[in-house]
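Engineer: Hey, dropping my_file.txt in here, compact mmCIF, C-alpha atoms:
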# COMPACT_ATOMS: atom_id res chain seq x y z
CA MET A 1 -109.40 -24.29 103.69
CA ARG A 2 -111.73 -27.23 103.36
CA GLN A 3 -111.26 -28.92 106.69
CA GLN A 4 -111.37 -26.12 109.18
CA TYR A 5 -112.20 -28.44 112.02
CA SER A 6 -108.90 -30.29 111.66
CA PHE A 7 -106.98 -27.01 111.76
CA TYR A 8 -108.71 -25.97 114.96
CA GLY A 9 -108.28 -29.52 116.21
CA ILE A 10 -104.51 -29.19 116.02
CA LEU A 11 -104.59 -25.78 117.68
CA LEU A 12 -106.63 -27.26 120.51
CA TYR A 13 -104.18 -30.17 120.70
CA ILE A 14 -101.25 -27.77 121.17
CA GLY A 15 -103.12 -25.66 123.70
CA ALA A 16 -104.32 -28.63 125.74
CA THR A 17 -100.92 -30.34 125.82
CA ILE A 18 -99.10 -27.21 126.92
CA PHE A 19 -101.73 -26.48 129.54
CA VAL A 20 -101.30 -29.99 130.96
CA LEU A 21 -97.54 -29.43 131.05
CA PHE A 22 -98.15 -26.12 132.83
CA LEU A 23 -100.21 -27.90 135.47
CA ALA A 24 -97.59 -30.64 135.87
CA ILE A 25 -94.46 -28.48 136.08
CA GLN A 26 -94.54 -24.74 136.57
CA GLU A 27 -91.16 -23.29 135.69
CA PRO A 28 -88.84 -25.92 134.21
CA GLU A 29 -85.16 -25.13 133.75
CA GLY A 30 -83.67 -24.63 130.30
CA LYS A 31 -82.81 -28.24 129.49
CA VAL A 32 -86.20 -29.60 130.46
CA TRP A 33 -87.95 -26.75 128.65
CA ASN A 34 -86.00 -27.53 125.50
CA GLY A 35 -86.62 -31.28 125.65
CA LEU A 36 -90.34 -30.83 126.26
CA PHE A 37 -90.63 -28.27 123.50
CA TRP A 38 -89.16 -30.50 120.79
CA THR A 39 -91.12 -33.53 121.95
CA ILE A 40 -94.34 -31.53 121.69
CA GLN A 41 -93.25 -30.26 118.26
CA LEU A 42 -92.74 -33.85 117.09
CA PHE A 43 -96.21 -34.93 118.17
CA VAL A 44 -97.89 -31.82 116.82
CA CYS A 45 -96.19 -32.47 113.49
CA ILE A 46 -97.35 -36.08 113.34
CA ASN A 47 -100.90 -34.98 114.09
CA ALA A 48 -100.93 -32.04 111.72
CA VAL A 49 -99.12 -33.55 108.77
CA ALA A 50 -100.38 -37.11 108.89
CA LYS A 51 -103.85 -35.81 108.08
CA SER A 52 -102.70 -34.40 104.76
CA PHE A 53 -102.55 -37.74 102.98
CA LEU A 54 -104.38 -40.10 105.27
CA GLN A 55 -107.62 -38.18 105.26
CA GLU A 56 -107.91 -37.73 101.52
CA SER A 57 -110.61 -39.92 100.08
CA ARG A 58 -109.96 -42.14 97.08
CA GLN A 59 -112.24 -40.10 94.87
CA ARG A 60 -110.52 -36.87 95.69
CA MET A 61 -107.09 -38.39 95.00
CA LEU A 62 -108.40 -39.51 91.61
CA TYR A 63 -109.58 -35.98 90.95
CA PHE A 64 -106.14 -34.56 91.82
CA TYR A 65 -104.58 -37.25 89.67
CA SER A 66 -106.54 -36.05 86.68
CA ILE A 67 -105.76 -32.34 87.07
CA ALA A 68 -102.13 -32.16 88.32
CA SER A 69 -98.79 -33.75 87.66
CA PRO A 70 -97.34 -35.76 90.56
CA ALA A 71 -94.39 -33.40 91.03
CA ASP A 72 -96.66 -30.36 91.28
CA PHE A 73 -98.97 -32.21 93.60
CA VAL A 74 -96.25 -33.28 96.04
CA LEU A 75 -94.64 -29.82 95.96
CA ALA A 76 -97.99 -28.25 96.79
CA LYS A 77 -98.44 -30.70 99.66
CA LEU A 78 -94.95 -29.99 100.99
CA LEU A 79 -95.49 -26.24 100.79
CA PHE A 80 -98.88 -26.36 102.48
CA ASN A 81 -97.66 -28.59 105.28
CA ALA A 82 -94.54 -26.50 105.77
CA LEU A 83 -96.64 -23.33 106.15
CA LEU A 84 -99.05 -25.11 108.47
CA MET A 85 -96.22 -26.42 110.60
CA LEU A 86 -94.51 -22.99 110.72
CA ALA A 87 -97.72 -21.44 112.04
CA MET A 88 -98.11 -24.24 114.57
CA SER A 89 -94.48 -23.93 115.68
CA LEU A 90 -94.89 -20.22 116.36
CA THR A 91 -98.11 -20.86 118.28
CA ALA A 92 -96.42 -23.54 120.36
CA LEU A 93 -93.46 -21.25 121.06
CA LEU A 94 -95.76 -18.42 122.15
CA LEU A 95 -97.77 -20.68 124.46
CA PHE A 96 -94.62 -22.23 125.90
CA ARG A 97 -93.26 -18.82 126.79
CA LEU A 98 -96.60 -17.75 128.22
CA PHE A 99 -97.17 -20.79 130.42
CA LEU A 100 -93.80 -22.33 131.16
CA GLY A 101 -91.65 -19.26 131.75
CA ASN A 102 -88.88 -17.95 129.55
CA PRO A 103 -85.44 -19.42 130.16
CA ILE A 104 -84.27 -18.59 126.61
CA GLU A 105 -81.17 -16.38 126.39
CA ARG A 106 -81.12 -15.81 122.64
CA VAL A 107 -84.72 -15.31 121.69
CA TRP A 108 -84.29 -14.55 117.99
CA ALA A 109 -81.86 -17.36 117.33
CA PHE A 110 -84.20 -19.79 119.04
CA THR A 111 -87.20 -18.52 117.07
CA GLY A 112 -85.22 -19.07 113.87
CA LEU A 113 -84.36 -22.58 114.98
CA VAL A 114 -87.99 -23.32 115.79
CA LEU A 115 -89.00 -22.28 112.27
CA LEU A 116 -86.21 -24.34 110.72
CA GLY A 117 -87.10 -27.32 112.88
CA GLY A 118 -90.78 -27.03 111.99
CA LEU A 119 -89.85 -26.96 108.32
CA SER A 120 -87.60 -30.04 108.59
CA LEU A 121 -90.17 -32.01 110.56
CA SER A 122 -93.00 -31.15 108.19
CA LEU A 123 -91.01 -32.13 105.07
CA VAL A 124 -89.99 -35.54 106.43
CA PHE A 125 -93.43 -36.36 107.74
CA THR A 126 -95.23 -35.21 104.61
CA PHE A 127 -93.28 -37.65 102.49
CA LEU A 128 -93.69 -40.43 105.05
CA ALA A 129 -97.44 -39.77 105.14
CA ALA A 130 -97.50 -40.31 101.39
CA ILE A 131 -95.81 -43.68 101.90
CA ALA A 132 -97.90 -44.63 104.93
CA ALA A 133 -101.11 -43.85 103.05
CA LYS A 134 -100.40 -46.95 100.93
CA ALA A 135 -100.37 -49.26 103.95
CA GLN A 136 -103.11 -50.55 106.20
CA GLN A 137 -103.27 -49.13 109.74
CA ASN A 138 -101.43 -46.17 108.36
CA ALA A 139 -101.38 -44.05 111.53
CA ALA A 140 -99.30 -46.67 113.35
CA ILE A 141 -97.06 -47.19 110.31
CA MET A 142 -96.47 -43.45 110.19
CA ALA A 143 -95.02 -43.44 113.71
CA ILE A 144 -92.93 -46.56 113.07
CA LEU A 145 -91.43 -45.08 109.90
CA GLY A 146 -91.09 -41.56 111.22
CA PHE A 147 -89.44 -41.81 114.61
CA PRO A 148 -86.17 -43.43 113.53
CA LEU A 149 -85.88 -41.22 110.46
CA ILE A 150 -86.33 -37.98 112.36
CA VAL A 151 -83.75 -38.80 115.07
CA PRO A 152 -80.70 -37.31 113.31
CA GLN A 153 -82.46 -34.01 112.63
CA LEU A 154 -83.80 -33.82 116.17
CA LEU A 155 -80.32 -34.51 117.57
CA VAL A 156 -78.84 -31.61 115.61
CA LEU A 157 -81.78 -29.33 116.46
CA MET A 158 -81.51 -30.06 120.18
CA LYS A 159 -77.78 -29.53 120.16
CA LEU A 160 -78.22 -26.19 118.40
CA SER A 161 -81.09 -25.05 120.58
CA ASN A 162 -79.23 -25.95 123.78
CA ALA A 163 -76.92 -23.11 122.84
CA ALA A 164 -79.90 -20.75 122.88
CA PHE A 165 -80.32 -21.44 126.60
CA ASN A 166 -76.69 -21.12 127.53
CA PRO A 167 -74.69 -18.03 126.46
CA ILE A 168 -71.40 -19.92 126.88
CA LEU A 169 -72.14 -22.39 124.08
CA THR A 170 -71.85 -21.31 120.46
CA MET A 171 -74.12 -22.22 117.59
CA HIS A 172 -72.28 -23.63 114.61
CA THR A 173 -73.38 -22.29 111.25
CA SER A 174 -72.30 -25.58 109.68
CA HIS A 175 -75.00 -27.42 111.65
CA VAL A 176 -77.67 -25.03 110.40
CA LEU A 177 -76.38 -25.55 106.86
CA LEU A 178 -76.52 -29.31 107.39
CA LEU A 179 -80.19 -29.06 108.31
CA LEU A 180 -80.90 -26.90 105.26
CA ALA A 181 -79.05 -29.36 103.02
CA LEU A 182 -81.11 -32.22 104.45
CA ASP A 183 -84.32 -30.29 103.76
CA ALA A 184 -83.24 -29.68 100.17
CA MET A 185 -82.44 -33.38 99.78
CA ILE A 186 -85.84 -34.41 101.10
CA ILE A 187 -87.64 -32.10 98.67
CA LEU A 188 -85.57 -33.46 95.79
CA LEU A 189 -86.23 -37.09 96.76
CA ALA A 190 -89.93 -36.38 97.20
CA VAL A 191 -90.19 -34.94 93.69
CA ILE A 192 -88.26 -37.87 92.19
CA LEU A 193 -89.92 -40.67 94.12
CA PHE A 194 -93.51 -39.50 94.49
CA PRO A 195 -94.60 -40.37 90.92
CA PHE A 196 -93.99 -44.04 91.76
CA LEU A 197 -96.38 -43.86 94.71
CA TRP A 198 -98.95 -41.97 92.74
CA LYS A 199 -99.83 -44.56 90.09
CA ASP A 200 -102.55 -46.73 91.46
CA MET B 1 -67.63 -77.22 78.13
CA ALA B 2 -68.84 -73.67 78.17
CA THR B 3 -71.34 -74.36 80.97
CA ALA B 4 -68.67 -76.12 83.04
CA LYS B 5 -66.48 -73.06 82.70
CA ASN B 6 -69.36 -70.80 83.72
CA LYS B 7 -70.00 -72.90 86.77
CA LYS B 8 -66.37 -72.68 87.78
CA ASN B 9 -66.48 -68.90 87.36
CA ARG B 10 -69.47 -68.60 89.63
CA TYR B 11 -67.80 -70.33 92.55
CA TRP B 12 -64.45 -68.61 92.74
CA TRP B 13 -65.60 -65.89 95.15
CA LYS B 14 -67.08 -68.42 97.57
CA VAL B 15 -63.71 -70.15 97.73
CA LEU B 16 -62.09 -66.75 98.22
CA CYS B 17 -64.55 -66.01 101.03
CA VAL B 18 -63.70 -69.23 102.90
CA VAL B 19 -59.96 -68.74 102.41
CA LEU B 20 -60.10 -65.12 103.58
CA LEU B 21 -62.21 -65.96 106.62
CA VAL B 22 -59.98 -68.85 107.69
CA TYR B 23 -56.99 -66.54 107.26
CA ALA B 24 -58.69 -63.68 109.11
CA VAL B 25 -59.86 -65.76 112.07
CA ALA B 26 -56.53 -67.55 112.46
CA GLY B 27 -54.52 -64.41 111.77
CA GLY B 28 -56.75 -62.42 114.12
CA LEU B 29 -55.78 -64.72 116.95
CA LEU B 30 -52.10 -65.04 116.07
CA VAL B 31 -51.09 -61.56 114.92
CA LYS B 32 -48.99 -59.41 117.23
CA ILE B 33 -51.07 -56.67 118.80
CA PRO B 34 -49.54 -53.39 120.02
CA ASP B 35 -49.86 -53.25 123.79
CA LEU B 36 -51.94 -50.12 124.36
CA PRO B 37 -53.35 -49.07 127.71
CA ALA B 38 -57.04 -49.92 128.19
CA LEU B 39 -57.22 -51.62 124.78
CA GLU B 40 -54.66 -54.41 125.30
CA GLU B 41 -55.74 -57.68 123.64
CA THR B 42 -59.24 -56.42 122.93
CA SER B 43 -58.00 -54.69 119.77
CA ARG B 44 -58.35 -58.07 118.06
CA ASN B 45 -62.08 -57.32 118.07
CA LEU B 46 -61.33 -54.79 115.31
CA PHE B 47 -61.31 -57.67 112.81
CA TYR B 48 -64.89 -58.56 113.75
CA HIS B 49 -66.56 -55.36 114.94
CA VAL B 50 -65.57 -53.15 112.00
CA ALA B 51 -65.97 -56.01 109.51
CA MET B 52 -69.62 -56.40 110.56
CA TRP B 53 -70.35 -52.74 109.83
CA MET B 54 -68.56 -52.98 106.50
CA ALA B 55 -70.67 -55.97 105.56
CA MET B 56 -73.84 -54.22 106.73
CA MET B 57 -73.15 -51.08 104.71
CA THR B 58 -72.36 -53.13 101.61
CA LEU B 59 -75.55 -55.16 101.95
CA PHE B 60 -77.72 -52.08 102.49
CA THR B 61 -76.13 -50.43 99.47
CA VAL B 62 -76.83 -53.46 97.29
CA SER B 63 -80.37 -53.48 98.65
CA VAL B 64 -80.98 -49.88 97.62
CA VAL B 65 -79.47 -50.49 94.18
CA ASN B 66 -81.96 -53.33 93.71
CA SER B 67 -84.80 -51.05 94.81
CA ILE B 68 -83.79 -48.58 92.12
CA ARG B 69 -83.61 -51.41 89.59
CA TYR B 70 -87.11 -52.46 90.62
CA LEU B 71 -88.51 -48.97 90.07
CA ARG B 72 -86.90 -48.88 86.63
CA THR B 73 -88.09 -52.28 85.44
CA PHE B 74 -91.03 -53.27 87.73
CA ASN B 75 -89.62 -56.79 87.78
CA LEU B 76 -90.59 -58.41 91.10
CA LYS B 77 -87.32 -60.34 91.14
CA TYR B 78 -85.48 -57.17 92.18
CA ASP B 79 -87.95 -56.60 94.99
CA ILE B 80 -87.01 -59.98 96.47
CA TYR B 81 -83.33 -59.09 96.07
CA ALA B 82 -83.79 -55.78 97.87
CA LYS B 83 -85.71 -57.35 100.73
CA GLN B 84 -83.23 -60.16 101.32
CA TYR B 85 -80.19 -57.87 101.20
CA ALA B 86 -81.84 -55.59 103.76
CA ASN B 87 -82.67 -58.63 105.93
CA VAL B 88 -79.13 -59.94 106.03
CA GLY B 89 -77.85 -56.36 106.45
CA ILE B 90 -79.90 -56.09 109.65
CA LEU B 91 -78.41 -59.38 110.85
CA PHE B 92 -74.88 -58.05 110.34
CA GLY B 93 -75.87 -54.78 111.98
CA LEU B 94 -77.01 -56.66 115.07
CA LEU B 95 -73.74 -58.59 115.08
CA GLY B 96 -71.82 -55.31 114.79
CA TYR B 97 -73.82 -53.98 117.73
CA GLY B 98 -73.13 -57.13 119.75
CA THR B 99 -69.39 -57.16 119.10
CA GLY B 100 -69.31 -53.46 119.91
CA ALA B 101 -71.12 -54.05 123.20
CA ILE B 102 -68.61 -56.74 124.20
CA TRP B 103 -65.70 -54.52 123.27
CA MET B 104 -67.18 -51.56 125.10
CA SER B 105 -67.78 -53.54 128.29
CA TYR B 106 -64.02 -54.16 128.50
CA THR B 107 -62.76 -50.72 127.55
CA TRP B 108 -65.32 -48.02 128.41
CA ALA B 109 -67.29 -49.41 131.28
CA ASP B 110 -66.25 -48.27 134.71
CA PRO B 111 -64.49 -51.26 136.34
CA ASN B 112 -66.02 -50.36 139.72
CA ASN B 113 -69.44 -50.30 138.17
CA PRO B 114 -71.05 -53.33 136.47
CA THR B 115 -71.89 -52.84 132.79
CA PHE B 116 -75.60 -52.98 133.42
CA ASP B 117 -75.51 -50.10 135.90
CA SER B 118 -73.42 -47.86 133.70
CA PHE B 119 -75.65 -48.59 130.69
CA GLU B 120 -77.40 -45.25 130.90
CA SER B 121 -74.18 -43.26 130.52
CA VAL B 122 -72.81 -45.48 127.75
CA ALA B 123 -76.06 -45.50 125.76
CA ARG B 124 -75.76 -41.75 125.27
CA GLU B 125 -72.81 -42.41 122.99
CA PRO B 126 -73.75 -40.75 119.65
CA LYS B 127 -72.39 -43.60 117.54
CA LEU B 128 -74.54 -46.07 119.43
CA ILE B 129 -77.57 -43.86 118.89
CA GLY B 130 -76.73 -43.64 115.20
CA ALA B 131 -76.34 -47.39 114.80
CA ALA B 132 -79.52 -48.13 116.74
CA THR B 133 -81.42 -45.63 114.62
CA ALA B 134 -80.09 -47.19 111.42
CA LEU B 135 -81.29 -50.62 112.51
CA LEU B 136 -84.69 -49.20 113.49
CA ILE B 137 -85.00 -47.57 110.06
CA TYR B 138 -84.51 -50.93 108.38
CA ALA B 139 -86.76 -52.71 110.88
CA ALA B 140 -89.43 -50.17 109.87
CA TYR B 141 -88.76 -51.17 106.24
CA LEU B 142 -89.69 -54.77 107.05
CA VAL B 143 -92.78 -53.68 109.02
CA LEU B 144 -93.89 -51.51 106.12
CA ARG B 145 -93.55 -54.44 103.73
CA ASP B 146 -95.65 -56.69 105.93
CA SER B 147 -98.40 -54.11 106.24
CA ILE B 148 -99.21 -54.08 102.51
CA THR B 149 -100.87 -57.13 101.02
CA ASP B 150 -100.96 -56.35 97.32
CA MET B 151 -97.68 -57.56 95.82
CA ASP B 152 -97.03 -54.82 93.26
CA LYS B 153 -98.10 -52.05 95.58
CA ARG B 154 -95.91 -53.49 98.33
CA ALA B 155 -92.89 -53.71 96.07
CA ARG B 156 -93.36 -50.15 94.82
CA THR B 157 -93.95 -48.56 98.24
CA ALA B 158 -91.14 -50.52 99.87
CA ALA B 159 -88.71 -49.53 97.12
CA VAL B 160 -89.59 -45.85 97.54
CA TYR B 161 -89.14 -46.07 101.30
CA ASN B 162 -85.87 -47.98 100.91
CA ILE B 163 -84.36 -45.25 98.74
CA PHE B 164 -85.59 -42.52 101.08
CA ALA B 165 -84.34 -44.42 104.14
CA PHE B 166 -80.93 -44.98 102.60
CA ALA B 167 -80.59 -41.27 101.90
CA MET B 168 -81.45 -40.52 105.52
CA LEU B 169 -79.07 -43.24 106.71
CA PHE B 170 -76.07 -41.15 105.72
CA PRO B 171 -76.71 -38.31 108.14
CA THR B 172 -77.71 -40.84 110.79
CA ILE B 173 -74.52 -42.85 110.88
CA TRP B 174 -71.94 -40.80 109.01
CA ILE B 175 -72.57 -37.12 109.74
CA VAL B 176 -74.53 -36.48 112.93
CA PRO B 177 -72.49 -38.72 115.29
CA ARG B 178 -69.40 -36.74 114.31
CA LEU B 179 -70.99 -33.46 115.41
CA LEU B 180 -71.50 -34.69 118.96
CA PRO B 181 -68.85 -35.41 121.57
CA SER B 182 -67.97 -39.09 121.71
CA LEU B 183 -65.70 -41.67 123.29
CA HIS B 184 -65.70 -43.79 120.16
CA PRO B 185 -62.49 -43.63 118.10
CA GLY B 186 -62.48 -41.82 114.76
CA GLN B 187 -64.08 -38.56 115.79
CA ASP B 188 -62.68 -36.75 112.77
CA GLY B 189 -62.62 -38.76 109.60
CA ASN B 190 -63.66 -42.29 108.91
CA PRO B 191 -62.47 -44.72 111.60
CA ALA B 192 -63.00 -47.81 109.46
CA MET B 193 -61.03 -46.60 106.45
CA ASN B 194 -58.16 -45.08 108.40
CA PHE B 195 -55.51 -47.75 108.02
CA LYS B 196 -52.80 -45.55 109.49
CA ASP B 197 -54.23 -45.93 113.00
CA VAL B 198 -53.44 -49.61 112.90
CA SER B 199 -50.06 -51.33 113.27
CA SER B 200 -48.66 -52.86 110.09
CA ASP B 201 -49.11 -56.40 111.42
CA MET B 202 -52.77 -55.79 112.06
CA ARG B 203 -53.23 -54.23 108.68
CA LYS B 204 -52.36 -57.55 107.05
CA VAL B 205 -55.41 -59.13 108.70
CA GLN B 206 -57.73 -56.13 108.63
CA LEU B 207 -58.59 -55.85 104.95
CA PRO B 208 -58.91 -59.61 104.27
CA ALA B 209 -61.24 -59.82 107.28
CA TYR B 210 -63.46 -57.02 105.96
CA ILE B 211 -63.68 -58.53 102.48
CA GLY B 212 -64.18 -62.03 103.84
CA TRP B 213 -67.11 -61.12 106.08
CA THR B 214 -68.71 -59.00 103.37
CA LEU B 215 -68.49 -61.90 100.92
CA LEU B 216 -70.02 -64.19 103.55
CA GLY B 217 -72.93 -61.76 103.87
CA VAL B 218 -73.46 -61.75 100.11
CA TRP B 219 -73.23 -65.54 100.03
CA ILE B 220 -75.91 -65.94 102.73
CA THR B 221 -78.12 -63.50 100.86
CA THR B 222 -77.78 -65.28 97.51
CA LEU B 223 -78.92 -68.51 99.20
CA LYS B 224 -81.92 -66.75 100.72
CA ILE B 225 -82.72 -65.14 97.37
CA ARG B 226 -82.61 -68.50 95.56
CA TYR B 227 -84.91 -70.03 98.16
CA ASN B 228 -87.37 -67.15 97.90
CA LEU B 229 -87.30 -67.10 94.10
CA LEU B 230 -88.26 -70.79 94.14
CA LYS B 231 -91.04 -70.08 96.63
CA GLU B 232 -92.48 -67.28 94.50
CA LYS B 233 -91.85 -69.07 91.22
CA ASN B 234 -95.45 -69.24 90.08
CA MET B 235 -96.00 -65.58 91.00
CA LEU B 236 -93.03 -64.36 89.01
CA SER B 237 -93.53 -66.25 85.78
Write the structure described by the file as structure tokens, please.

Structural biologist:
Amino acid sequence: MRQQYSFYGILLYIGATIFVLFLAIQEPEGKVWNGLFWTIQLFVCINAVAKSFLQESRQRMLYFYSIASPADFVLAKLLFNALLMLAMSLTALLLFRLFLGNPIERVWAFTGLVLLGGLSLSLVFTFLAAIAAKAQQNAAIMAILGFPLIVPQLLVLMKLSNAAFNPILTMHTSHVLLLLALDAMIILLAVILFPFLWKD
Amino acid sequence: MATAKNKKNRYWWKVLCVVLLVYAVAGGLLVKIPDLPALEETSRNLFYHVAMWMAMMTLFTVSVVNSIRYLRTFNLKYDIYAKQYANVGILFGLLGYGTGAIWMSYTWADPNNPTFDSFESVAREPKLIGAATALLIYAAYLVLRDSITDMDKRARTAAVYNIFAFAMLFPTIWIVPRLLPSLHPGQDGNPAMNFKDVSSDMRKVQLPAYIGWTLLGVWITTLKIRYNLLKEKNMLS
């Protein structure tokens, strides 16, 4: 890990945000808890993943260009960011339960959803970071590109996770499969399209 | 002689477009509409509202095809094509949104409650969210283009984003809205392609209207493309 400070930076970001939430509202009910959780996840993901392409210097990109093929490079990036985001998601979940109470009825199902959601978010934003890195003012571009594109996945995730707070609702396996299929599609597109971004 | 024939061949679809649109607008006003509760005469909006979305989808599809062609050939001409088709697609999307809003204000909105006050409850409609997201995705495409100054880099990045965005467009407007509860017709299956829902009189106007508006969209785009090709002439040659 070359940039340890950025890793700790994100951890601090999660901790500080959740602490502020804790000061603002003590024990939110299930719906509010859920909404806040996914919003925080979205922002954590933008902060954690955006760094992966935007902070690389030109020289280092040239070095990677000379030693790796574009497909390998983008797969490595996707894998690293996915692992990073999974760790961050679990941290956020732990802190949420510590500070904001625990209205979850199905703990394991929700944990699974959090991991799946973290994976989906990290994949989409990794590829968008690769695109945004080509533009000026890339942090702003990242948000503009990312928010509309992530809406469908967030809608499905929220619908699924609402069921984790309410034992009457059922979780549909087909929705989980839809999310997995989307993730697979994003990986495929990233491998096909990244070589075109790479040549510079 | 050969050129004259070519010229004639190039215009036939514009004539078809005008004929179909005149037929669709006149027929849309004259055709007998089944008298359904709540819908009543507003069902005539079908010929406009759905036609706008058809045109939008067609234009976005052509745009993404041109993006792929650009990545295969690196000919900047295709980049201009892709941009203009996306532009006009957004225009038709906005029109689809507008016609939908008018339709909705007569059928869904609570009569005791003005449209503006009930906006919050209507805006939760999943199909509206999907359509708004789709338009935002393409608005982001235009913003991305403007943020890159180098022409080749811009064309390449925009083409990559366009393909990625189009792939994400499918879940946004075709899959996810169907998973959520909705007032909008066509909860299971494709509402636009389901001709059985419509009376046989309306069906006679429906398809010509869709094709007519789509052709109009393509026509507008070809004009914009020709103008932009002239503007960029010295860059392209």

Engineer: Mind listing as a list of chain:residue names which residues of chain B are within 8 Å of chain A, counting only C-alpha atoms?

Structural biologist: B:Leu71, B:Gly130, B:Thr133, B:Ala134, B:Leu136, B:Ile137, B:Ala140, B:Tyr141, B:Val143, B:Leu144, B:Ser147, B:Ile148, B:Lys153, B:Arg156, B:Thr157, B:Val160, B:Tyr161, B:Phe164, B:Ala165, B:Met168, B:Pro171, B:Thr172, B:Val176

Engineer: Nearest to A:Met85: which of A:Asn34, A:Thr126, A:Gln26, A:Thr173 is it, counting all atoms listed in the file?

Structural biologist: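 Checking each of A:Asn34, A:Thr126, A:Gln26, A:Thr173 against A:Met85, counting all atoms listed in the file, the winner is A:Thr126.
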
Engineer: Go through B:Ala132, B:Ile68, B:Ala24, B:Leu230 and flag the residue nearest B:Ala159, using only C-alpha atoms for the distances.

Structural biologist: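 So, comparing all the options, the nearest one is B:Ile68.
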
Engineer: Kindly give the distance, in Å, that separates atom CA of A:Asn81 and atom CA of A:Phe37, rounded to a single decimal.

Structural biologist: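 Between atom CA of A:Asn81 and atom CA of A:Phe37 the gap is 19.5 Å.
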
Engineer: So what do you get for atom CA of B:Phe166 versus atom CA of B:Leu216, distance-wise?

Structural biologist: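 We find that atom CA of B:Phe166 and atom CA of B:Leu216 lie 22.1 Å from each other.
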